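**Student:** One structure, pasted below without further comment.
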Amino acid sequence: VFGGLCFIEQRRRIERQGEKMQVLYHLTKMMGESVLQEANVEMSGSHVFDHLFTSESSSIKRLIINQRTSVYRVERVGEDWRIVHEKSDSLREPEKIYHMEEKGFLQSIVHSKEGTVLNNFSNLGKSYTTWRITYQYLIAEPVLVDEEVAYILVMFRTAGQSFQPRDVRLLKLLVNAFEITLKNVQLRNQIQAQAIKDGLMGVFNHRYMKLKLEE
């Protein structure tokens, strides 16, 4: 009897894993297709995340159970190197800028280029008060473009089971799909820029100017 129960439980785990792989494939496919949309419009990572969080929020939660998924963008504005909240699938947090010269949870991920699982929020600084009050567990993973951290993907849980190693593996696979998509966006924009400009003079070509005049 015990052996039979173990077999049933193992089969259920395999089925659940298969379902999650299907969801991951679907999300990867959707991200790839988003790059091909609106060929005449310059895209950015924001377009990818907006599209994904608008239409595929439930799929992300099916892949890894969470109460909130957020993306933070790493940017340089003049001399200011900082992290800003890019997008969340549910509740937005108060607008906050995390300056890289300060010490903090997100800053440490940018410096180390390593993800982490956090089950105790007591050591988080004042900048993360909203997290401490609202959530109990989180998992975070950096999204790299050209070997540098461009975004940080963070998932939160309010209660229940903490994030497990299997969740870490799934998040890494999802982030890998993000990285490939963002690189494709970068290449797409480069090709688009080359198509509308004269290679020698660096000015807009005749075809592009004609299209703009007709508009």
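Residue numbering restarts at 1 for every chain of the structure tokens, chains are lettered A, B, ... in their displayed order, and ligands are numbered from 1 as they appear.
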Do a neighbour search on segment 102-119 of chain A at 8 Å with only C-alpha atoms, toss out local chain neighbours closer than 3 positions, and write the hits as a VMD selection string.
**Tutor:** chain A and resid 83 98 to 99 124 to 125 136 to 142 148 to 149 152 162 to 163
**Student:** Using only C-alpha atoms, which of the listed residues (A:Arg157, A:Ser127, A:Lys61, A:Asp146) sits closest to Glu95 of chain A?
**Tutor:**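 Comparing A:Arg157, A:Ser127, A:Lys61, A:Asp146 against Glu95 of chain A, the winner is A:Ser127.
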**Student:** Could you find all residues in segment 37-176 of chain A that DSSP calls helix (DSSP H, G or I) from the backbone, and write them as a CSV table (one decimal) with all heavy atoms, in the first residue's frame?
**Tutor:**
```csv
chain,number,residue,atom,x,y,z
A,45,GLY,N,12.4,47.3,-22.9
A,45,GLY,CA,12.1,46.2,-21.9
A,45,GLY,C,10.7,46.5,-21.3
A,45,GLY,O,10.0,45.6,-21.0
A,46,SER,N,10.4,47.8,-21.2
A,46,SER,CA,9.1,48.2,-20.6
A,46,SER,C,7.9,47.6,-21.4
A,46,SER,O,6.9,47.1,-20.8
A,46,SER,CB,9.0,49.7,-20.5
A,46,SER,OG,10.0,50.2,-19.6
A,47,HIS,N,8.0,47.6,-22.7
A,47,HIS,CA,7.0,47.1,-23.6
A,47,HIS,C,6.8,45.6,-23.3
A,47,HIS,O,5.7,45.1,-23.2
A,47,HIS,CB,7.3,47.2,-25.0
A,47,HIS,CG,7.3,48.7,-25.5
A,47,HIS,ND1,8.3,49.5,-25.4
A,47,HIS,CD2,6.2,49.4,-26.0
A,47,HIS,CE1,8.0,50.7,-25.9
A,47,HIS,NE2,6.7,50.6,-26.3
A,48,VAL,N,7.9,44.8,-23.1
A,48,VAL,CA,7.8,43.4,-22.8
A,48,VAL,C,7.1,43.1,-21.5
A,48,VAL,O,6.2,42.3,-21.4
A,48,VAL,CB,9.2,42.8,-22.8
A,48,VAL,CG1,9.2,41.3,-22.5
A,48,VAL,CG2,9.9,43.0,-24.2
A,49,PHE,N,7.5,43.9,-20.5
A,49,PHE,CA,6.9,43.6,-19.2
A,49,PHE,C,5.5,44.1,-19.1
A,49,PHE,O,4.6,43.4,-18.5
A,49,PHE,CB,7.7,44.3,-18.1
A,49,PHE,CG,9.1,43.8,-17.9
A,49,PHE,CD1,10.2,44.5,-18.1
A,49,PHE,CD2,9.3,42.4,-17.6
A,49,PHE,CE1,11.5,44.0,-17.9
A,49,PHE,CE2,10.5,41.9,-17.4
A,49,PHE,CZ,11.7,42.7,-17.6
A,50,ASP,N,5.1,45.2,-19.8
A,50,ASP,CA,3.8,45.7,-19.8
A,50,ASP,C,2.9,44.6,-20.5
A,50,ASP,O,1.8,44.3,-20.0
A,50,ASP,CB,3.7,47.0,-20.6
A,50,ASP,CG,4.1,48.2,-19.8
A,50,ASP,OD1,4.2,48.1,-18.6
A,50,ASP,OD2,4.4,49.2,-20.4
A,51,HIS,N,3.3,44.1,-21.6
A,51,HIS,CA,2.6,43.1,-22.3
A,51,HIS,C,2.4,41.8,-21.5
A,51,HIS,O,1.3,41.3,-21.4
A,51,HIS,CB,3.3,42.7,-23.6
A,51,HIS,CG,2.6,41.7,-24.4
A,51,HIS,ND1,1.4,41.9,-25.1
A,51,HIS,CD2,2.9,40.4,-24.6
A,51,HIS,CE1,1.0,40.8,-25.7
A,51,HIS,NE2,1.9,39.8,-25.4
A,52,LEU,N,3.4,41.4,-20.8
A,52,LEU,CA,3.4,40.2,-20.1
A,52,LEU,C,2.5,40.3,-18.8
A,52,LEU,O,1.7,39.4,-18.6
A,52,LEU,CB,4.8,39.8,-19.6
A,52,LEU,CG,5.0,38.3,-19.2
A,52,LEU,CD1,4.7,37.4,-20.3
A,52,LEU,CD2,6.4,38.1,-18.6
A,53,PHE,N,2.6,41.4,-18.1
A,53,PHE,CA,1.9,41.6,-16.9
A,53,PHE,C,0.4,41.9,-17.2
A,53,PHE,O,-0.5,41.7,-16.3
A,53,PHE,CB,2.5,42.7,-16.0
A,53,PHE,CG,3.7,42.3,-15.3
A,53,PHE,CD1,4.3,41.0,-15.5
A,53,PHE,CD2,4.3,43.1,-14.4
A,53,PHE,CE1,5.4,40.6,-14.8
A,53,PHE,CE2,5.5,42.7,-13.7
A,53,PHE,CZ,6.0,41.5,-13.9
A,54,THR,N,0.1,42.5,-18.3
A,54,THR,CA,-1.3,42.8,-18.7
A,54,THR,C,-2.0,41.6,-19.1
A,54,THR,O,-3.2,41.4,-18.7
A,54,THR,CB,-1.3,43.8,-19.8
A,54,THR,OG1,-0.6,45.0,-19.4
A,54,THR,CG2,-2.7,44.2,-20.2
A,55,SER,N,-1.4,40.7,-19.9
A,55,SER,CA,-2.1,39.6,-20.4
A,55,SER,C,-1.8,38.2,-19.8
A,55,SER,O,-2.5,37.3,-20.0
A,55,SER,CB,-1.9,39.5,-22.0
A,55,SER,OG,-0.5,39.3,-22.2
A,57,SER,N,-0.5,37.6,-16.4
A,57,SER,CA,-0.3,37.7,-14.9
A,57,SER,C,-0.7,36.3,-14.3
A,57,SER,O,0.1,35.8,-13.4
A,57,SER,CB,-1.1,38.8,-14.3
A,57,SER,OG,-1.0,38.8,-12.9
A,58,SER,N,-1.8,35.8,-14.7
A,58,SER,CA,-2.3,34.5,-14.1
A,58,SER,C,-1.3,33.4,-14.5
A,58,SER,O,-1.1,32.4,-13.7
A,58,SER,CB,-3.7,34.2,-14.6
A,58,SER,OG,-3.7,34.1,-16.0
A,59,SER,N,-0.7,33.4,-15.7
A,59,SER,CA,0.2,32.3,-16.1
A,59,SER,C,1.5,32.4,-15.2
A,59,SER,O,2.0,31.3,-14.8
A,59,SER,CB,0.6,32.5,-17.5
A,59,SER,OG,-0.5,32.3,-18.4
A,60,ILE,N,2.0,33.6,-14.9
A,60,ILE,CA,3.1,33.7,-14.0
A,60,ILE,C,2.8,33.1,-12.6
A,60,ILE,O,3.7,32.4,-12.0
A,60,ILE,CB,3.5,35.2,-13.9
A,60,ILE,CG1,4.0,35.7,-15.2
A,60,ILE,CG2,4.7,35.3,-12.8
A,60,ILE,CD1,4.3,37.2,-15.2
A,61,LYS,N,1.6,33.3,-12.1
A,61,LYS,CA,1.3,32.8,-10.8
A,61,LYS,C,1.1,31.3,-10.9
A,61,LYS,O,1.2,30.6,-9.8
A,61,LYS,CB,0.0,33.5,-10.3
A,61,LYS,CG,0.2,35.0,-10.0
A,61,LYS,CD,-1.0,35.6,-9.4
A,61,LYS,CE,-0.9,37.1,-9.2
A,61,LYS,NZ,0.3,37.5,-8.4
A,62,ARG,N,0.7,30.8,-12.0
A,62,ARG,CA,0.6,29.3,-12.2
A,62,ARG,C,2.0,28.7,-12.2
A,62,ARG,O,2.2,27.6,-11.7
A,62,ARG,CB,-0.2,29.0,-13.4
A,62,ARG,CG,-1.7,29.2,-13.4
A,62,ARG,CD,-2.3,29.0,-14.7
A,62,ARG,NE,-2.0,27.8,-15.4
A,62,ARG,CZ,-2.0,27.6,-16.7
A,62,ARG,NH1,-2.3,28.6,-17.5
A,62,ARG,NH2,-1.8,26.4,-17.1
A,63,LEU,N,2.9,29.4,-12.8
A,63,LEU,CA,4.3,28.9,-12.8
A,63,LEU,C,4.9,28.8,-11.4
A,63,LEU,O,5.5,27.8,-11.0
A,63,LEU,CB,5.2,29.8,-13.7
A,63,LEU,CG,6.6,29.3,-13.9
A,63,LEU,CD1,6.7,28.0,-14.7
A,63,LEU,CD2,7.4,30.4,-14.6
A,105,PHE,N,18.9,45.8,-0.1
A,105,PHE,CA,18.6,44.4,-0.6
A,105,PHE,C,18.8,44.4,-2.1
A,105,PHE,O,19.5,43.6,-2.7
A,105,PHE,CB,17.2,44.0,-0.2
A,105,PHE,CG,16.8,42.7,-0.8
A,105,PHE,CD1,17.3,41.5,-0.3
A,105,PHE,CD2,15.9,42.6,-1.9
A,105,PHE,CE1,16.9,40.3,-0.9
A,105,PHE,CE2,15.6,41.4,-2.5
A,105,PHE,CZ,16.1,40.2,-2.0
A,106,LEU,N,18.1,45.3,-2.8
A,106,LEU,CA,18.1,45.4,-4.3
A,106,LEU,C,19.5,45.8,-4.8
A,106,LEU,O,20.0,45.2,-5.8
A,106,LEU,CB,17.1,46.4,-4.8
A,106,LEU,CG,15.6,46.0,-4.6
A,106,LEU,CD1,14.7,47.1,-5.1
A,106,LEU,CD2,15.3,44.7,-5.4
A,107,GLN,N,20.2,46.7,-4.1
A,107,GLN,CA,21.5,47.1,-4.5
A,107,GLN,C,22.5,45.9,-4.4
A,107,GLN,O,23.4,45.8,-5.3
A,107,GLN,CB,22.0,48.3,-3.6
A,107,GLN,CG,21.2,49.6,-3.7
A,107,GLN,CD,20.1,49.7,-2.8
A,107,GLN,OE1,19.4,48.7,-2.4
A,107,GLN,NE2,19.8,50.9,-2.3
A,108,SER,N,22.3,45.1,-3.4
A,108,SER,CA,23.2,44.0,-3.2
A,108,SER,C,23.1,43.0,-4.4
A,108,SER,O,24.1,42.3,-4.8
A,108,SER,CB,23.0,43.2,-1.9
A,108,SER,OG,21.7,42.6,-1.9
A,109,ILE,N,21.9,42.8,-4.9
A,109,ILE,CA,21.7,42.0,-6.1
A,109,ILE,C,22.4,42.5,-7.3
A,109,ILE,O,23.0,41.8,-8.1
A,109,ILE,CB,20.2,41.8,-6.3
A,109,ILE,CG1,19.5,41.0,-5.2
A,109,ILE,CG2,19.9,41.1,-7.6
A,109,ILE,CD1,18.0,40.8,-5.3
A,110,VAL,N,22.3,43.8,-7.5
A,110,VAL,CA,22.9,44.4,-8.6
A,110,VAL,C,24.5,44.2,-8.6
A,110,VAL,O,25.1,43.9,-9.5
A,110,VAL,CB,22.6,46.0,-8.7
A,110,VAL,CG1,23.4,46.6,-9.9
A,110,VAL,CG2,21.1,46.2,-9.0
A,111,HIS,N,25.0,44.4,-7.4
A,111,HIS,CA,26.5,44.3,-7.2
A,111,HIS,C,26.9,42.9,-7.4
A,111,HIS,O,28.0,42.6,-8.0
A,111,HIS,CB,26.9,44.8,-5.8
A,111,HIS,CG,26.8,46.3,-5.7
A,111,HIS,ND1,27.4,47.2,-6.6
A,111,HIS,CD2,26.2,47.1,-4.8
A,111,HIS,CE1,27.2,48.4,-6.2
A,111,HIS,NE2,26.4,48.4,-5.1
A,112,SER,N,26.2,41.9,-6.8
A,112,SER,CA,26.6,40.5,-6.9
A,112,SER,C,26.2,39.8,-8.1
A,112,SER,O,26.8,38.8,-8.5
A,112,SER,CB,26.0,39.8,-5.6
A,112,SER,OG,24.6,39.7,-5.8
A,126,LYS,N,14.8,50.9,6.1
A,126,LYS,CA,13.6,51.7,6.1
A,126,LYS,C,13.0,51.8,4.7
A,126,LYS,O,11.8,52.0,4.5
A,126,LYS,CB,13.9,53.1,6.6
A,126,LYS,CG,14.2,53.1,8.1
A,126,LYS,CD,14.4,54.6,8.6
A,126,LYS,CE,14.7,54.6,10.1
A,126,LYS,NZ,15.0,56.0,10.6
A,127,SER,N,13.9,51.7,3.7
A,127,SER,CA,13.4,51.8,2.3
A,127,SER,C,12.5,50.7,1.9
A,127,SER,O,11.7,50.8,1.0
A,127,SER,CB,14.6,51.8,1.3
A,127,SER,OG,15.5,52.9,1.6
A,128,TYR,N,12.5,49.6,2.7
A,128,TYR,CA,11.7,48.4,2.4
A,128,TYR,C,10.6,48.2,3.4
A,128,TYR,O,10.1,47.1,3.7
A,128,TYR,CB,12.6,47.2,2.3
A,128,TYR,CG,13.7,47.3,1.3
A,128,TYR,CD1,14.9,47.8,1.7
A,128,TYR,CD2,13.5,47.0,0.0
A,128,TYR,CE1,15.9,48.0,0.7
A,128,TYR,CE2,14.5,47.1,-1.0
A,128,TYR,CZ,15.7,47.6,-0.6
A,128,TYR,OH,16.7,47.8,-1.5
A,129,THR,N,10.1,49.3,4.0
A,129,THR,CA,9.0,49.2,5.1
A,129,THR,C,7.8,48.5,4.5
A,129,THR,O,7.1,47.7,5.2
A,129,THR,CB,8.7,50.6,5.6
A,129,THR,OG1,9.9,51.2,6.2
A,129,THR,CG2,7.6,50.5,6.7
A,130,THR,N,7.4,48.9,3.3
A,130,THR,CA,6.2,48.3,2.7
A,130,THR,C,6.3,46.8,2.5
A,130,THR,O,5.4,46.1,2.8
A,130,THR,CB,6.0,48.9,1.3
A,130,THR,OG1,5.8,50.3,1.4
A,130,THR,CG2,4.7,48.3,0.6
A,131,TRP,N,7.5,46.3,2.2
A,131,TRP,CA,7.7,44.9,2.1
A,131,TRP,C,7.6,44.2,3.5
A,131,TRP,O,6.9,43.2,3.6
A,131,TRP,CB,9.1,44.6,1.6
A,131,TRP,CG,9.4,45.0,0.2
A,131,TRP,CD1,8.6,45.8,-0.6
A,131,TRP,CD2,10.5,44.7,-0.6
A,131,TRP,NE1,9.2,46.0,-1.9
A,131,TRP,CE2,10.4,45.3,-1.9
A,131,TRP,CE3,11.7,43.9,-0.4
A,131,TRP,CZ2,11.3,45.2,-2.9
A,131,TRP,CZ3,12.6,43.8,-1.4
A,131,TRP,CH2,12.4,44.5,-2.6
A,132,ARG,N,8.2,44.8,4.5
A,132,ARG,CA,8.1,44.2,5.8
A,132,ARG,C,6.7,44.1,6.3
A,132,ARG,O,6.3,43.1,7.0
A,132,ARG,CB,9.0,45.0,6.8
A,132,ARG,CG,10.5,44.9,6.5
A,132,ARG,CD,11.3,45.2,7.8
A,132,ARG,NE,10.8,46.4,8.5
A,132,ARG,CZ,11.3,47.7,8.3
A,132,ARG,NH1,12.2,47.8,7.4
A,132,ARG,NH2,10.8,48.7,8.9
A,133,ILE,N,5.9,45.1,6.1
A,133,ILE,CA,4.5,45.1,6.6
A,133,ILE,C,3.6,44.2,5.9
A,133,ILE,O,2.8,43.5,6.5
A,133,ILE,CB,4.0,46.6,6.5
A,133,ILE,CG1,4.7,47.5,7.4
A,133,ILE,CG2,2.5,46.6,6.8
A,133,ILE,CD1,4.3,49.0,7.3
A,134,THR,N,3.8,44.0,4.6
A,134,THR,CA,2.9,43.4,3.7
A,134,THR,C,3.2,41.9,3.4
A,134,THR,O,2.3,41.0,3.3
A,134,THR,CB,2.7,44.1,2.3
A,134,THR,OG1,2.6,45.5,2.6
A,134,THR,CG2,1.6,43.5,1.5
A,165,PRO,N,13.6,25.4,-3.4
A,165,PRO,CA,14.6,25.3,-4.5
A,165,PRO,C,14.0,25.1,-5.9
A,165,PRO,O,14.5,25.6,-6.9
A,165,PRO,CB,15.4,24.0,-4.1
A,165,PRO,CG,15.4,24.1,-2.6
A,165,PRO,CD,14.0,24.5,-2.3
A,166,ARG,N,12.8,24.4,-6.0
A,166,ARG,CA,12.2,24.2,-7.3
A,166,ARG,C,11.7,25.5,-7.8
A,166,ARG,O,11.7,25.7,-9.0
A,166,ARG,CB,11.0,23.2,-7.2
A,166,ARG,CG,9.9,23.6,-6.2
A,166,ARG,CD,8.8,22.6,-6.2
A,166,ARG,NE,7.7,22.9,-5.2
A,166,ARG,CZ,7.7,22.6,-4.0
A,166,ARG,NH1,8.7,21.9,-3.5
A,166,ARG,NH2,6.7,23.0,-3.2
A,167,ASP,N,11.2,26.4,-6.9
A,167,ASP,CA,10.8,27.7,-7.3
A,167,ASP,C,12.0,28.5,-7.9
A,167,ASP,O,11.9,29.3,-8.9
A,167,ASP,CB,10.2,28.5,-6.2
A,167,ASP,CG,9.0,27.8,-5.6
A,167,ASP,OD1,8.1,27.4,-6.4
A,167,ASP,OD2,8.8,27.7,-4.4
A,168,VAL,N,13.2,28.4,-7.3
A,168,VAL,CA,14.4,29.1,-7.7
A,168,VAL,C,14.7,28.6,-9.1
A,168,VAL,O,15.0,29.4,-10.0
A,168,VAL,CB,15.6,28.8,-6.8
A,168,VAL,CG1,16.8,29.4,-7.3
A,168,VAL,CG2,15.3,29.3,-5.4
A,169,ARG,N,14.6,27.3,-9.4
A,169,ARG,CA,15.0,26.8,-10.7
A,169,ARG,C,14.0,27.3,-11.8
A,169,ARG,O,14.4,27.7,-12.9
A,169,ARG,CB,14.9,25.2,-10.7
A,169,ARG,CG,16.0,24.6,-9.9
A,169,ARG,CD,16.1,23.1,-10.1
A,169,ARG,NE,14.9,22.4,-9.6
A,169,ARG,CZ,14.8,21.9,-8.4
A,169,ARG,NH1,15.8,22.0,-7.5
A,169,ARG,NH2,13.8,21.3,-8.0
A,170,LEU,N,12.7,27.3,-11.4
A,170,LEU,CA,11.7,27.9,-12.4
A,170,LEU,C,11.9,29.4,-12.6
A,170,LEU,O,11.8,29.8,-13.8
A,170,LEU,CB,10.3,27.6,-11.8
A,170,LEU,CG,9.8,26.2,-11.9
A,170,LEU,CD1,8.5,26.0,-11.1
A,170,LEU,CD2,9.6,25.7,-13.3
A,171,LEU,N,12.2,30.1,-11.6
A,171,LEU,CA,12.5,31.5,-11.8
A,171,LEU,C,13.7,31.8,-12.7
A,171,LEU,O,13.7,32.7,-13.5
A,171,LEU,CB,12.6,32.2,-10.4
A,171,LEU,CG,12.8,33.8,-10.5
A,171,LEU,CD1,11.6,34.4,-11.1
A,171,LEU,CD2,13.0,34.3,-9.1
A,172,LYS,N,14.7,31.0,-12.5
A,172,LYS,CA,15.9,31.1,-13.3
A,172,LYS,C,15.6,30.9,-14.8
A,172,LYS,O,16.1,31.5,-15.7
A,172,LYS,CB,17.0,30.2,-12.8
A,172,LYS,CG,17.7,30.7,-11.5
A,172,LYS,CD,18.8,29.7,-11.2
A,172,LYS,CE,19.5,30.2,-9.9
A,172,LYS,NZ,20.3,31.4,-10.1
A,173,LEU,N,14.7,29.9,-15.0
A,173,LEU,CA,14.3,29.6,-16.4
A,173,LEU,C,13.5,30.7,-17.0
A,173,LEU,O,13.7,31.1,-18.2
A,173,LEU,CB,13.5,28.3,-16.4
A,173,LEU,CG,14.3,27.0,-16.2
A,173,LEU,CD1,13.3,25.8,-16.0
A,173,LEU,CD2,15.3,26.7,-17.3
A,174,LEU,N,12.6,31.3,-16.2
A,174,LEU,CA,11.8,32.4,-16.6
A,174,LEU,C,12.7,33.7,-16.9
A,174,LEU,O,12.5,34.3,-17.9
A,174,LEU,CB,10.8,32.8,-15.6
A,174,LEU,CG,9.8,34.0,-15.9
A,174,LEU,CD1,9.0,33.7,-17.2
A,174,LEU,CD2,8.9,34.3,-14.7
A,175,VAL,N,13.7,33.9,-16.0
A,175,VAL,CA,14.6,35.0,-16.2
A,175,VAL,C,15.4,34.8,-17.5
A,175,VAL,O,15.7,35.8,-18.2
A,175,VAL,CB,15.5,35.2,-15.0
A,175,VAL,CG1,16.7,36.1,-15.3
A,175,VAL,CG2,14.7,35.8,-13.9
A,176,ASN,N,15.8,33.6,-17.7
A,176,ASN,CA,16.6,33.3,-19.0
A,176,ASN,C,15.8,33.7,-20.2
A,176,ASN,O,16.3,34.2,-21.2
A,176,ASN,CB,17.0,31.8,-19.0
A,176,ASN,CG,17.8,31.5,-20.2
A,176,ASN,OD1,18.9,32.0,-20.4
A,176,ASN,ND2,17.3,30.6,-21.0
```
**Student:** Using only C-alpha atoms, find the one residue out of A:Phe121, A:Lys20, A:Ser44, A:Glu33 that sits nearest to Val185 of chain A.
**Tutor:** A:Ser44
**Student:** Pull the closest atom pair for each residue of segment 108-190 of chain A that gets at most 8 Å from segment 70-73 of chain A, along with the distance in Å to one decimal, counting only C-alpha atoms, ordering rows by chain and then ascending residue number, as JSON lines.
**Tutor:**
```
{"residue": "A:Ala150", "atom": "CA", "partner": "A:Arg73", "partner_atom": "CA", "distance": 6.1}
{"residue": "A:Tyr151", "atom": "CA", "partner": "A:Arg73", "partner_atom": "CA", "distance": 4.5}
{"residue": "A:Ile152", "atom": "CA", "partner": "A:Tyr72", "partner_atom": "CA", "distance": 5.1}
{"residue": "A:Leu153", "atom": "CA", "partner": "A:Val71", "partner_atom": "CA", "distance": 4.7}
{"residue": "A:Val154", "atom": "CA", "partner": "A:Ser70", "partner_atom": "CA", "distance": 5.2}
{"residue": "A:Met155", "atom": "CA", "partner": "A:Ser70", "partner_atom": "CA", "distance": 6.4}
```
**Student:** Write out as a PyMOL selection string each polymer residue whose atoms come within 12 Å of Lys29 of chain A, counting only C-alpha atoms; drop sequence neighbours fewer than 2 positions from it.
**Tutor:** chain A and resi 22-27+31-36+52+56+174+177-178+180-181
